[in-house]
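Below is one structure, written out as structure tokens, with a few remarks after it.
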Amino acid sequence: MLTPLALEEISLNAWPALQTVVYDGWLLRFAEGYTRRANSINPLYPATRDLDAKLAFCEPLYHARGLPVIFKLAEGAAPPDLDAALAERGYDADAHTSVQRLDLARAVHAMPPDVEITPELTPGWLDAFTRLSDLSAHPRAVLPRILANIVPAHAYASLSADGRVVATGLGVAQAGYVGLYDIVTDPAYRGRGFGGQIVAGLLAWGGTNGATTAYLQVMLNNPPALRLYARLGFAESYRYWYRVRSGGQVDK
């Protein structure tokens, strides 16, 4: 089983930023404010410089782009003393998230007949995800640029009912793992198993692309999603959260 650090690396590849700066063990990511994880500092590797000096380097880079300064801190990956040090400097905790895994060898995952999988981003998938996620014009313009930067094998899943797409998802496969992203269902169609079918379709796709383990990231304040993934057999591996200092906005 991969360590939290190794899985964090895989997840960074699965959801790339538009720009990245490497600085003394930290990865600084920028994506014009769309999603926290693509616009945050990831302190993953041993550092040699003083924290205040590093903040003096990093904070202006985010401020210049109209973005808040956000750290993504993962259990078992980020330095254990960094969270308290950032709190002392006015960084507030936000968006506590559970990283969960599923051993694909424990069950056979067949492709649901109504789930459509495409290896390339299509205008139809993008339009459906934009509608289901209620994205405004700016993130709608940034999203395809992020998706175009995904290097590992990936696939887009959608499911239609009553003549329109009512659920979508993204799967990214690397090193025997398949990550599930952008799982969203039309509110009018929730509770009918469509989200579970999207997940099942992406798990089946991952299995055919060498994955033996699935992972996903779900916020702790989302009980319906937590219940869905528990029913599917996912179990928590570790958690991450953000430390945020105001100064701009991110979408989602």
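In the structure tokens, the first chain shown is A, the next is B, and so on; residue numbers restart at 1 for each chain, and ligands run from 1 in the order shown.
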
Taking 2 positions as the minimum chain separation for residues in the same chain, which residues sit within 7 Å of stretch 127-143 of chain A when counting only C-alpha atoms? Answer as a list in words. Tyr34, Pro123, Gly124, Trp125, Arg145, Ile146, Leu147, Val165, Thr168, Val184, Thr185, Asp186 and Asp251 of chain A

Go ahead and save the residues from that selection, with all heavy atoms, as an mmCIF file, in the first residue's frame.
data_model
loop_
_atom_site.group_PDB
_atom_site.id
_atom_site.type_symbol
_atom_site.label_atom_id
_atom_site.label_comp_id
_atom_site.auth_asym_id
_atom_site.auth_seq_id
_atom_site.Cartn_x
_atom_site.Cartn_y
_atom_site.Cartn_z
ATOM 1 N N TYR A 34 -9.206 28.286 -9.602
ATOM 2 C CA TYR A 34 -10.190 27.205 -9.671
ATOM 3 C C TYR A 34 -9.714 25.992 -8.879
ATOM 4 O O TYR A 34 -8.727 25.353 -9.259
ATOM 5 C CB TYR A 34 -10.480 26.795 -11.113
ATOM 6 C CG TYR A 34 -11.514 25.690 -11.210
ATOM 7 C CD1 TYR A 34 -12.789 25.871 -10.663
ATOM 8 C CD2 TYR A 34 -11.215 24.474 -11.798
ATOM 9 C CE1 TYR A 34 -13.736 24.866 -10.720
ATOM 10 C CE2 TYR A 34 -12.158 23.460 -11.858
ATOM 11 C CZ TYR A 34 -13.418 23.663 -11.319
ATOM 12 O OH TYR A 34 -14.352 22.661 -11.370
ATOM 13 N N PRO A 123 -17.166 18.212 -25.618
ATOM 14 C CA PRO A 123 -17.993 19.368 -25.261
ATOM 15 C C PRO A 123 -19.228 18.968 -24.465
ATOM 16 O O PRO A 123 -19.658 19.696 -23.559
ATOM 17 C CB PRO A 123 -18.361 19.965 -26.624
ATOM 18 C CG PRO A 123 -17.259 19.544 -27.536
ATOM 19 C CD PRO A 123 -16.872 18.167 -27.068
ATOM 20 N N GLY A 124 -19.801 17.801 -24.784
ATOM 21 C CA GLY A 124 -20.985 17.360 -24.060
ATOM 22 C C GLY A 124 -20.702 17.093 -22.590
ATOM 23 O O GLY A 124 -21.490 17.482 -21.727
ATOM 24 N N TRP A 125 -19.565 16.415 -22.294
ATOM 25 C CA TRP A 125 -19.222 16.154 -20.893
ATOM 26 C C TRP A 125 -18.952 17.474 -20.171
ATOM 27 O O TRP A 125 -19.430 17.682 -19.052
ATOM 28 C CB TRP A 125 -17.989 15.256 -20.804
ATOM 29 C CG TRP A 125 -17.700 14.757 -19.411
ATOM 30 C CD1 TRP A 125 -18.086 13.575 -18.863
ATOM 31 C CD2 TRP A 125 -16.979 15.461 -18.373
ATOM 32 N NE1 TRP A 125 -17.650 13.479 -17.551
ATOM 33 C CE2 TRP A 125 -16.971 14.616 -17.231
ATOM 34 C CE3 TRP A 125 -16.345 16.697 -18.309
ATOM 35 C CZ2 TRP A 125 -16.354 14.991 -16.042
ATOM 36 C CZ3 TRP A 125 -15.733 17.076 -17.109
ATOM 37 C CH2 TRP A 125 -15.737 16.225 -15.991
ATOM 38 N N ARG A 145 -8.567 23.656 -19.368
ATOM 39 C CA ARG A 145 -7.118 23.814 -19.400
ATOM 40 C C ARG A 145 -6.459 22.927 -18.353
ATOM 41 O O ARG A 145 -5.385 22.360 -18.586
ATOM 42 C CB ARG A 145 -6.761 25.284 -19.193
ATOM 43 C CG ARG A 145 -7.257 26.189 -20.323
ATOM 44 C CD ARG A 145 -7.248 27.648 -19.917
ATOM 45 N NE ARG A 145 -5.917 28.097 -19.523
ATOM 46 C CZ ARG A 145 -5.709 29.178 -18.774
ATOM 47 N NH1 ARG A 145 -6.726 29.902 -18.324
ATOM 48 N NH2 ARG A 145 -4.477 29.523 -18.465
ATOM 49 N N ILE A 146 -7.087 22.788 -17.184
ATOM 50 C CA ILE A 146 -6.582 21.863 -16.173
ATOM 51 C C ILE A 146 -6.667 20.429 -16.689
ATOM 52 O O ILE A 146 -5.701 19.658 -16.612
ATOM 53 C CB ILE A 146 -7.370 22.008 -14.859
ATOM 54 C CG1 ILE A 146 -7.035 23.344 -14.177
ATOM 55 C CG2 ILE A 146 -7.071 20.845 -13.908
ATOM 56 C CD1 ILE A 146 -7.822 23.604 -12.911
ATOM 57 N N LEU A 147 -7.812 20.058 -17.230
ATOM 58 C CA LEU A 147 -8.003 18.696 -17.722
ATOM 59 C C LEU A 147 -7.032 18.371 -18.848
ATOM 60 O O LEU A 147 -6.559 17.227 -18.956
ATOM 61 C CB LEU A 147 -9.445 18.510 -18.185
ATOM 62 C CG LEU A 147 -10.526 18.675 -17.100
ATOM 63 C CD1 LEU A 147 -11.909 18.580 -17.717
ATOM 64 C CD2 LEU A 147 -10.344 17.646 -15.999
ATOM 65 N N VAL A 165 -27.841 14.394 -19.611
ATOM 66 C CA VAL A 165 -26.854 13.868 -18.673
ATOM 67 C C VAL A 165 -27.226 14.304 -17.265
ATOM 68 O O VAL A 165 -27.452 15.490 -17.007
ATOM 69 C CB VAL A 165 -25.438 14.360 -19.031
ATOM 70 C CG1 VAL A 165 -24.425 13.900 -17.985
ATOM 71 C CG2 VAL A 165 -25.028 13.862 -20.416
ATOM 72 N N THR A 168 -21.924 12.775 -13.754
ATOM 73 C CA THR A 168 -20.626 12.739 -14.427
ATOM 74 C C THR A 168 -19.545 12.313 -13.446
ATOM 75 O O THR A 168 -19.732 12.326 -12.225
ATOM 76 C CB THR A 168 -20.236 14.116 -15.007
ATOM 77 O OG1 THR A 168 -20.088 15.051 -13.925
ATOM 78 C CG2 THR A 168 -21.265 14.629 -15.998
ATOM 79 N N VAL A 184 -20.491 14.011 -9.686
ATOM 80 C CA VAL A 184 -21.584 14.940 -9.385
ATOM 81 C C VAL A 184 -22.860 14.426 -10.043
ATOM 82 O O VAL A 184 -22.831 13.888 -11.150
ATOM 83 C CB VAL A 184 -21.239 16.369 -9.854
ATOM 84 C CG1 VAL A 184 -20.973 16.413 -11.346
ATOM 85 C CG2 VAL A 184 -22.325 17.350 -9.490
ATOM 86 N N THR A 185 -23.976 14.582 -9.324
ATOM 87 C CA THR A 185 -25.285 14.147 -9.805
ATOM 88 C C THR A 185 -26.259 15.309 -9.742
ATOM 89 O O THR A 185 -26.239 16.112 -8.800
ATOM 90 C CB THR A 185 -25.827 12.982 -8.947
ATOM 91 O OG1 THR A 185 -24.897 11.901 -8.970
ATOM 92 C CG2 THR A 185 -27.176 12.494 -9.464
ATOM 93 N N ASP A 186 -27.101 15.407 -10.738
ATOM 94 C CA ASP A 186 -28.154 16.416 -10.766
ATOM 95 C C ASP A 186 -28.982 16.293 -9.483
ATOM 96 O O ASP A 186 -29.440 15.208 -9.133
ATOM 97 C CB ASP A 186 -29.038 16.178 -11.989
ATOM 98 C CG ASP A 186 -30.045 17.292 -12.222
ATOM 99 O OD1 ASP A 186 -30.631 17.796 -11.244
ATOM 100 O OD2 ASP A 186 -30.262 17.645 -13.395
ATOM 101 N N ASP A 251 -12.391 29.227 -6.457
ATOM 102 C CA ASP A 251 -13.678 28.639 -6.806
ATOM 103 C C ASP A 251 -13.653 27.173 -6.434
ATOM 104 O O ASP A 251 -12.831 26.422 -6.917
ATOM 105 C CB ASP A 251 -13.938 28.767 -8.312
ATOM 106 C CG ASP A 251 -14.046 30.214 -8.749
ATOM 107 O OD1 ASP A 251 -14.988 30.882 -8.306
ATOM 108 O OD2 ASP A 251 -13.193 30.669 -9.521
#

Please provide the set of residues having any atom within 9 Å of A:Ala78, restricted to only C-alpha atoms, with same-chain residues fewer than 2 positions apart removed, written as a PDB file with N, CA, C and O atoms, in the first residue's frame.
ATOM      1  N   LEU A   5       2.337  10.116   1.425  1.00  0.00           N
ATOM      2  CA  LEU A   5       3.137  10.972   0.554  1.00  0.00           C
ATOM      3  C   LEU A   5       3.058  10.503  -0.891  1.00  0.00           C
ATOM      4  O   LEU A   5       2.860  11.307  -1.817  1.00  0.00           O
ATOM      5  N   ASN A  42       1.857  22.815  -1.319  1.00  0.00           N
ATOM      6  CA  ASN A  42       1.912  21.438  -0.823  1.00  0.00           C
ATOM      7  C   ASN A  42       3.291  21.184  -0.229  1.00  0.00           C
ATOM      8  O   ASN A  42       4.261  20.966  -0.965  1.00  0.00           O
ATOM      9  N   PRO A  43       3.417  21.216   1.103  1.00  0.00           N
ATOM     10  CA  PRO A  43       4.718  21.010   1.752  1.00  0.00           C
ATOM     11  C   PRO A  43       4.985  19.515   1.945  1.00  0.00           C
ATOM     12  O   PRO A  43       4.655  18.938   2.980  1.00  0.00           O
ATOM     13  N   LEU A  44       5.617  18.895   0.970  1.00  0.00           N
ATOM     14  CA  LEU A  44       5.736  17.442   0.960  1.00  0.00           C
ATOM     15  C   LEU A  44       7.121  16.919   1.329  1.00  0.00           C
ATOM     16  O   LEU A  44       7.241  15.788   1.799  1.00  0.00           O
ATOM     17  N   TYR A  45       8.155  17.706   1.110  1.00  0.00           N
ATOM     18  CA  TYR A  45       9.517  17.171   1.199  1.00  0.00           C
ATOM     19  C   TYR A  45      10.336  17.942   2.222  1.00  0.00           C
ATOM     20  O   TYR A  45       9.995  19.066   2.601  1.00  0.00           O
ATOM     21  N   LYS A  72      -2.056  23.013   1.754  1.00  0.00           N
ATOM     22  CA  LYS A  72      -2.723  21.711   1.831  1.00  0.00           C
ATOM     23  C   LYS A  72      -1.843  20.796   2.681  1.00  0.00           C
ATOM     24  O   LYS A  72      -0.702  20.502   2.321  1.00  0.00           O
ATOM     25  N   LEU A  73      -2.370  20.374   3.821  1.00  0.00           N
ATOM     26  CA  LEU A  73      -1.604  19.608   4.799  1.00  0.00           C
ATOM     27  C   LEU A  73      -2.198  18.214   4.913  1.00  0.00           C
ATOM     28  O   LEU A  73      -3.375  18.057   5.250  1.00  0.00           O
ATOM     29  N   ALA A  74      -1.400  17.204   4.642  1.00  0.00           N
ATOM     30  CA  ALA A  74      -1.866  15.823   4.665  1.00  0.00           C
ATOM     31  C   ALA A  74      -1.196  15.062   5.798  1.00  0.00           C
ATOM     32  O   ALA A  74       0.019  15.160   5.997  1.00  0.00           O
ATOM     33  N   GLU A  75      -1.996  14.279   6.533  1.00  0.00           N
ATOM     34  CA  GLU A  75      -1.440  13.417   7.575  1.00  0.00           C
ATOM     35  C   GLU A  75      -0.413  12.472   6.955  1.00  0.00           C
ATOM     36  O   GLU A  75      -0.664  11.842   5.933  1.00  0.00           O
ATOM     37  N   GLY A  76       0.754  12.394   7.570  1.00  0.00           N
ATOM     38  CA  GLY A  76       1.777  11.481   7.096  1.00  0.00           C
ATOM     39  C   GLY A  76       2.593  12.004   5.939  1.00  0.00           C
ATOM     40  O   GLY A  76       3.518  11.331   5.475  1.00  0.00           O
ATOM     41  N   PRO A  80       4.970  17.500  10.617  1.00  0.00           N
ATOM     42  CA  PRO A  80       3.975  17.476  11.696  1.00  0.00           C
ATOM     43  C   PRO A  80       3.858  18.765  12.482  1.00  0.00           C
ATOM     44  O   PRO A  80       2.813  19.030  13.082  1.00  0.00           O
ATOM     45  N   ASP A  81       4.900  19.586  12.505  1.00  0.00           N
ATOM     46  CA  ASP A  81       4.847  20.817  13.283  1.00  0.00           C
ATOM     47  C   ASP A  81       4.371  22.016  12.474  1.00  0.00           C
ATOM     48  O   ASP A  81       4.186  23.106  13.015  1.00  0.00           O
ATOM     49  N   LEU A  82       4.136  21.838  11.178  1.00  0.00           N
ATOM     50  CA  LEU A  82       3.792  22.969  10.327  1.00  0.00           C
ATOM     51  C   LEU A  82       2.385  23.476  10.602  1.00  0.00           C
ATOM     52  O   LEU A  82       2.127  24.683  10.556  1.00  0.00           O
ATOM     53  N   ASP A  83       1.443  22.585  10.886  1.00  0.00           N
ATOM     54  CA  ASP A  83       0.063  23.000  11.105  1.00  0.00           C
ATOM     55  C   ASP A  83      -0.028  24.013  12.241  1.00  0.00           C
ATOM     56  O   ASP A  83      -0.647  25.073  12.097  1.00  0.00           O
TER      57      ASP A  83
END

For A:Asp103, please output as a ChimeraX atom specification all residues within 12 Å (counting only C-alpha atoms; exclusion window: fewer than 6 positions along the same chain). /A:1,109,176-178,203,206-207,211-215,232-235,237

Which parts of stretch 28-83 of chain A does DSSP call helix (DSSP H, G or I) when run on the backbone here, written out as a VMD selection string? chain A and resid 51 to 63 82 to 83

When DSSP is applied to the backbone of this structure, which of stretch 67-240 of chain A are assigned strand (DSSP E or B)? Write them out as a compact mmCIF listing (two decimals) with N, CA, C and O atoms, in the first residue's frame.
# COMPACT_ATOMS: atom_id res chain seq x y z
N VAL A 69 -3.55 32.76 0.28
CA VAL A 69 -2.44 31.83 0.47
C VAL A 69 -3.00 30.60 1.18
O VAL A 69 -3.51 30.69 2.30
N ILE A 70 -2.92 29.45 0.51
CA ILE A 70 -3.53 28.22 1.01
C ILE A 70 -2.47 27.13 1.10
O ILE A 70 -1.75 26.89 0.14
N PHE A 71 -2.41 26.47 2.24
CA PHE A 71 -1.56 25.29 2.41
C PHE A 71 -2.45 24.05 2.44
O PHE A 71 -3.50 24.05 3.10
N LYS A 72 -2.06 23.01 1.75
CA LYS A 72 -2.72 21.71 1.83
C LYS A 72 -1.84 20.80 2.68
O LYS A 72 -0.70 20.50 2.32
N LEU A 73 -2.37 20.37 3.82
CA LEU A 73 -1.60 19.61 4.80
C LEU A 73 -2.20 18.21 4.91
O LEU A 73 -3.38 18.06 5.25
N ALA A 74 -1.40 17.20 4.64
CA ALA A 74 -1.87 15.82 4.67
C ALA A 74 -1.20 15.06 5.80
O ALA A 74 0.02 15.16 6.00
N ASP A 92 -6.16 29.91 9.00
CA ASP A 92 -7.31 29.20 9.54
C ASP A 92 -7.49 27.84 8.88
O ASP A 92 -7.28 27.69 7.67
N ALA A 93 -7.91 26.85 9.67
CA ALA A 93 -8.17 25.51 9.14
C ALA A 93 -9.47 25.50 8.35
O ALA A 93 -10.44 26.17 8.70
N ASP A 94 -9.50 24.72 7.27
CA ASP A 94 -10.69 24.68 6.41
C ASP A 94 -10.72 23.37 5.63
O ASP A 94 -9.68 22.75 5.39
N ALA A 95 -11.93 22.96 5.25
CA ALA A 95 -12.16 21.87 4.30
C ALA A 95 -11.45 20.57 4.70
O ALA A 95 -10.67 20.00 3.93
N HIS A 96 -11.75 20.07 5.87
CA HIS A 96 -11.19 18.80 6.31
C HIS A 96 -11.73 17.68 5.42
O HIS A 96 -12.94 17.57 5.19
N THR A 97 -10.83 16.84 4.93
CA THR A 97 -11.16 15.89 3.87
C THR A 97 -10.62 14.51 4.19
O THR A 97 -9.50 14.37 4.70
N SER A 98 -11.41 13.50 3.88
CA SER A 98 -11.02 12.10 4.07
C SER A 98 -10.53 11.53 2.75
O SER A 98 -11.23 11.60 1.73
N VAL A 99 -9.33 10.96 2.74
CA VAL A 99 -8.81 10.24 1.58
C VAL A 99 -9.10 8.75 1.82
O VAL A 99 -8.67 8.18 2.82
N GLN A 100 -9.85 8.16 0.91
CA GLN A 100 -10.32 6.80 1.11
C GLN A 100 -9.84 5.88 -0.02
O GLN A 100 -9.66 6.33 -1.15
N ARG A 101 -9.67 4.61 0.31
CA ARG A 101 -9.19 3.62 -0.66
C ARG A 101 -10.13 2.44 -0.70
O ARG A 101 -10.85 2.14 0.25
N LEU A 102 -10.07 1.72 -1.82
CA LEU A 102 -10.83 0.50 -2.02
C LEU A 102 -9.97 -0.50 -2.77
O LEU A 102 -9.41 -0.18 -3.83
N ASP A 103 -9.85 -1.71 -2.22
CA ASP A 103 -9.11 -2.78 -2.87
C ASP A 103 -10.00 -3.38 -3.96
O ASP A 103 -11.01 -4.02 -3.68
N VAL A 115 -23.70 3.69 -18.35
CA VAL A 115 -22.58 4.63 -18.16
C VAL A 115 -21.76 4.70 -19.44
O VAL A 115 -21.33 3.68 -19.98
N GLU A 116 -21.55 5.91 -19.93
CA GLU A 116 -20.72 6.13 -21.11
C GLU A 116 -19.33 6.59 -20.68
O GLU A 116 -19.20 7.52 -19.88
N ILE A 117 -18.31 5.94 -21.19
CA ILE A 117 -16.92 6.28 -20.87
C ILE A 117 -16.23 6.76 -22.14
O ILE A 117 -16.29 6.10 -23.19
N THR A 118 -15.60 7.92 -22.07
CA THR A 118 -14.84 8.44 -23.21
C THR A 118 -13.43 8.78 -22.76
O THR A 118 -13.23 9.32 -21.66
N ALA A 153 -3.20 8.13 -17.80
CA ALA A 153 -4.42 7.69 -18.47
C ALA A 153 -5.64 8.18 -17.68
O ALA A 153 -5.67 8.13 -16.45
N HIS A 154 -6.64 8.67 -18.41
CA HIS A 154 -7.82 9.18 -17.74
C HIS A 154 -9.04 8.99 -18.63
O HIS A 154 -8.92 8.78 -19.84
N ALA A 155 -10.22 9.08 -18.02
CA ALA A 155 -11.46 8.84 -18.74
C ALA A 155 -12.58 9.65 -18.10
O ALA A 155 -12.58 9.92 -16.90
N TYR A 156 -13.56 10.00 -18.94
CA TYR A 156 -14.70 10.80 -18.52
C TYR A 156 -15.95 9.92 -18.57
O TYR A 156 -16.22 9.27 -19.58
N ALA A 157 -16.70 9.91 -17.47
CA ALA A 157 -17.90 9.09 -17.38
C ALA A 157 -19.13 9.98 -17.32
O ALA A 157 -19.12 11.04 -16.68
N SER A 158 -20.20 9.53 -17.95
CA SER A 158 -21.46 10.25 -17.88
C SER A 158 -22.61 9.26 -17.93
O SER A 158 -22.47 8.13 -18.42
N LEU A 159 -23.75 9.67 -17.40
CA LEU A 159 -24.94 8.83 -17.38
C LEU A 159 -26.13 9.73 -17.66
O LEU A 159 -26.27 10.82 -17.07
N SER A 160 -27.00 9.29 -18.56
CA SER A 160 -28.14 10.09 -18.99
C SER A 160 -29.45 9.48 -18.53
O SER A 160 -29.58 8.26 -18.38
N ALA A 161 -30.44 10.34 -18.30
CA ALA A 161 -31.80 9.92 -17.99
C ALA A 161 -32.74 11.01 -18.50
O ALA A 161 -32.40 12.21 -18.44
N ARG A 164 -31.12 13.63 -20.97
CA ARG A 164 -30.02 14.54 -20.65
C ARG A 164 -29.07 13.89 -19.66
O ARG A 164 -29.45 12.96 -18.93
N VAL A 165 -27.84 14.39 -19.61
CA VAL A 165 -26.85 13.87 -18.67
C VAL A 165 -27.23 14.30 -17.26
O VAL A 165 -27.45 15.49 -17.01
N VAL A 166 -27.27 13.33 -16.36
CA VAL A 166 -27.65 13.63 -14.97
C VAL A 166 -26.54 13.32 -13.98
O VAL A 166 -26.68 13.61 -12.79
N ALA A 167 -25.43 12.71 -14.43
CA ALA A 167 -24.30 12.43 -13.54
C ALA A 167 -23.02 12.33 -14.35
O ALA A 167 -23.05 11.88 -15.50
N THR A 168 -21.92 12.78 -13.75
CA THR A 168 -20.63 12.74 -14.43
C THR A 168 -19.55 12.31 -13.45
O THR A 168 -19.73 12.33 -12.23
N GLY A 169 -18.39 11.97 -13.99
CA GLY A 169 -17.24 11.64 -13.17
C GLY A 169 -15.98 11.57 -14.02
O GLY A 169 -16.05 11.46 -15.25
N LEU A 170 -14.84 11.66 -13.36
CA LEU A 170 -13.53 11.60 -14.00
C LEU A 170 -12.70 10.55 -13.29
O LEU A 170 -12.66 10.51 -12.05
N GLY A 171 -12.03 9.68 -14.03
CA GLY A 171 -11.11 8.72 -13.47
C GLY A 171 -9.71 8.93 -14.01
O GLY A 171 -9.55 9.21 -15.20
N VAL A 172 -8.70 8.81 -13.15
CA VAL A 172 -7.30 8.97 -13.55
C VAL A 172 -6.52 7.79 -13.00
O VAL A 172 -6.55 7.52 -11.79
N ALA A 173 -5.81 7.05 -13.87
CA ALA A 173 -5.11 5.83 -13.48
C ALA A 173 -3.60 6.03 -13.54
O ALA A 173 -3.07 6.52 -14.54
N GLN A 174 -2.93 5.65 -12.46
CA GLN A 174 -1.47 5.73 -12.41
C GLN A 174 -0.96 4.75 -11.36
O GLN A 174 -1.51 4.66 -10.25
N TYR A 177 -3.25 2.56 -9.30
CA TYR A 177 -4.32 3.26 -8.60
C TYR A 177 -5.21 3.97 -9.61
O TYR A 177 -4.72 4.49 -10.62
N VAL A 178 -6.50 4.02 -9.33
CA VAL A 178 -7.41 4.85 -10.09
C VAL A 178 -8.06 5.84 -9.13
O VAL A 178 -8.63 5.46 -8.11
N GLY A 179 -7.92 7.12 -9.45
CA GLY A 179 -8.52 8.17 -8.63
C GLY A 179 -9.85 8.60 -9.22
O GLY A 179 -9.99 8.71 -10.44
N LEU A 180 -10.82 8.86 -8.35
CA LEU A 180 -12.15 9.30 -8.77
C LEU A 180 -12.31 10.78 -8.46
O LEU A 180 -12.13 11.20 -7.31
N TYR A 181 -12.68 11.54 -9.46
CA TYR A 181 -12.81 12.99 -9.34
C TYR A 181 -14.10 13.46 -10.00
O TYR A 181 -14.64 12.79 -10.89
N ASP A 182 -14.55 14.63 -9.56
CA ASP A 182 -15.69 15.30 -10.20
C ASP A 182 -16.92 14.42 -10.30
O ASP A 182 -17.63 14.44 -11.31
N ILE A 183 -17.20 13.63 -9.26
CA ILE A 183 -18.42 12.83 -9.21
C ILE A 183 -19.56 13.76 -8.79
O ILE A 183 -19.57 14.27 -7.67
N VAL A 184 -20.49 14.01 -9.69
CA VAL A 184 -21.58 14.94 -9.39
C VAL A 184 -22.86 14.43 -10.04
O VAL A 184 -22.83 13.89 -11.15
N THR A 185 -23.98 14.58 -9.32
CA THR A 185 -25.29 14.15 -9.80
C THR A 185 -26.26 15.31 -9.74
O THR A 185 -26.24 16.11 -8.80
N THR A 213 -6.25 -0.72 -6.95
CA THR A 213 -6.76 0.05 -5.82
C THR A 213 -7.39 1.33 -6.35
O THR A 213 -6.87 1.95 -7.28
N ALA A 214 -8.50 1.71 -5.76
CA ALA A 214 -9.14 2.99 -6.07
C ALA A 214 -8.98 3.93 -4.89
O ALA A 214 -8.86 3.50 -3.74
N TYR A 215 -8.96 5.21 -5.18
CA TYR A 215 -8.92 6.21 -4.12
C TYR A 215 -9.82 7.37 -4.49
O TYR A 215 -10.12 7.62 -5.67
N LEU A 216 -10.25 8.09 -3.49
CA LEU A 216 -11.05 9.30 -3.70
C LEU A 216 -10.86 10.21 -2.50
O LEU A 216 -10.32 9.81 -1.47
N GLN A 217 -11.33 11.43 -2.65
CA GLN A 217 -11.21 12.45 -1.61
C GLN A 217 -12.60 13.02 -1.37
O GLN A 217 -13.24 13.51 -2.29
N VAL A 218 -13.08 12.94 -0.13
CA VAL A 218 -14.43 13.39 0.18
C VAL A 218 -14.39 14.24 1.44
O VAL A 218 -13.79 13.87 2.45
N MET A 219 -15.04 15.41 1.37
CA MET A 219 -15.03 16.31 2.51
C MET A 219 -15.88 15.74 3.64
O MET A 219 -16.91 15.10 3.42
N ALA A 235 -12.76 2.85 2.52
CA ALA A 235 -12.41 3.08 3.92
C ALA A 235 -11.33 4.15 3.99
O ALA A 235 -10.47 4.26 3.11
N GLU A 236 -11.38 4.93 5.06
CA GLU A 236 -10.43 6.05 5.20
C GLU A 236 -9.00 5.56 5.36
O GLU A 236 -8.73 4.62 6.12
N SER A 237 -8.11 6.23 4.64
CA SER A 237 -6.68 5.95 4.73
C SER A 237 -5.96 7.03 5.54
O SER A 237 -5.13 6.74 6.39
N TYR A 238 -6.27 8.27 5.25
CA TYR A 238 -5.72 9.40 6.00
C TYR A 238 -6.57 10.62 5.68
O TYR A 238 -7.51 10.56 4.88
N ARG A 239 -6.26 11.73 6.31
CA ARG A 239 -7.00 12.97 6.08
C ARG A 239 -6.05 14.09 5.66
O ARG A 239 -4.86 14.06 5.95
N TYR A 240 -6.63 15.05 4.99
CA TYR A 240 -5.91 16.30 4.75
C TYR A 240 -6.86 17.46 5.00
O TYR A 240 -8.07 17.30 5.10

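The shortest atom-to-atom distance to A:Pro16, with only C-alpha atoms taken into account, belongs to A:Pro152 out of A:Gly210, A:Pro46, A:Pro152, A:Pro4.
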
What's the separation between atom CA of A:Pro112 and atom CA of A:Ala204, in Å to one decimal place?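 Atom-to-atom, atom CA of A:Pro112 and atom CA of A:Ala204 are spaced 8.8 Å apart.
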
Atomic distance atom CA of A:Arg29 - atom CA of A:Asn222, expressed in Å with one decimal: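 We find that atom CA of A:Arg29 and atom CA of A:Asn222 lie 25.5 Å from each other.
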
Could you state the separation of atom CA of A:Leu12 and atom CA of A:Ala175 in Å, given to one decimal place?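 Straight-line distance from atom CA of A:Leu12 to atom CA of A:Ala175 works out to 13.3 Å.
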
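Considering only C-alpha atoms, the residue among A:Glu8, A:Glu59, A:Asp52, A:Asp24 positioned nearest to A:Arg37 is A:Glu8.
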
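Near A:Gly90, within a cut-off of 9 Å and counting only C-alpha atoms, sit the residues Arg243, Val244 and Arg245 of chain A, with same-chain residues fewer than 6 positions away left out.
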
Tell me, as a PyMOL selection string, which residues lie within 12 Å of A:Tyr62, counting only C-alpha atoms; anything in the same chain fewer than 6 positions away does not count. chain A and resi 19-21+28-33+39-41+55-56+68-71+244-250

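Residue nearest A:Tyr242 within the list A:Cys58, A:Ala17, A:Leu2, A:Ala87: A:Ala87 [criterion: smallest interatomic distance, only C-alpha atoms].
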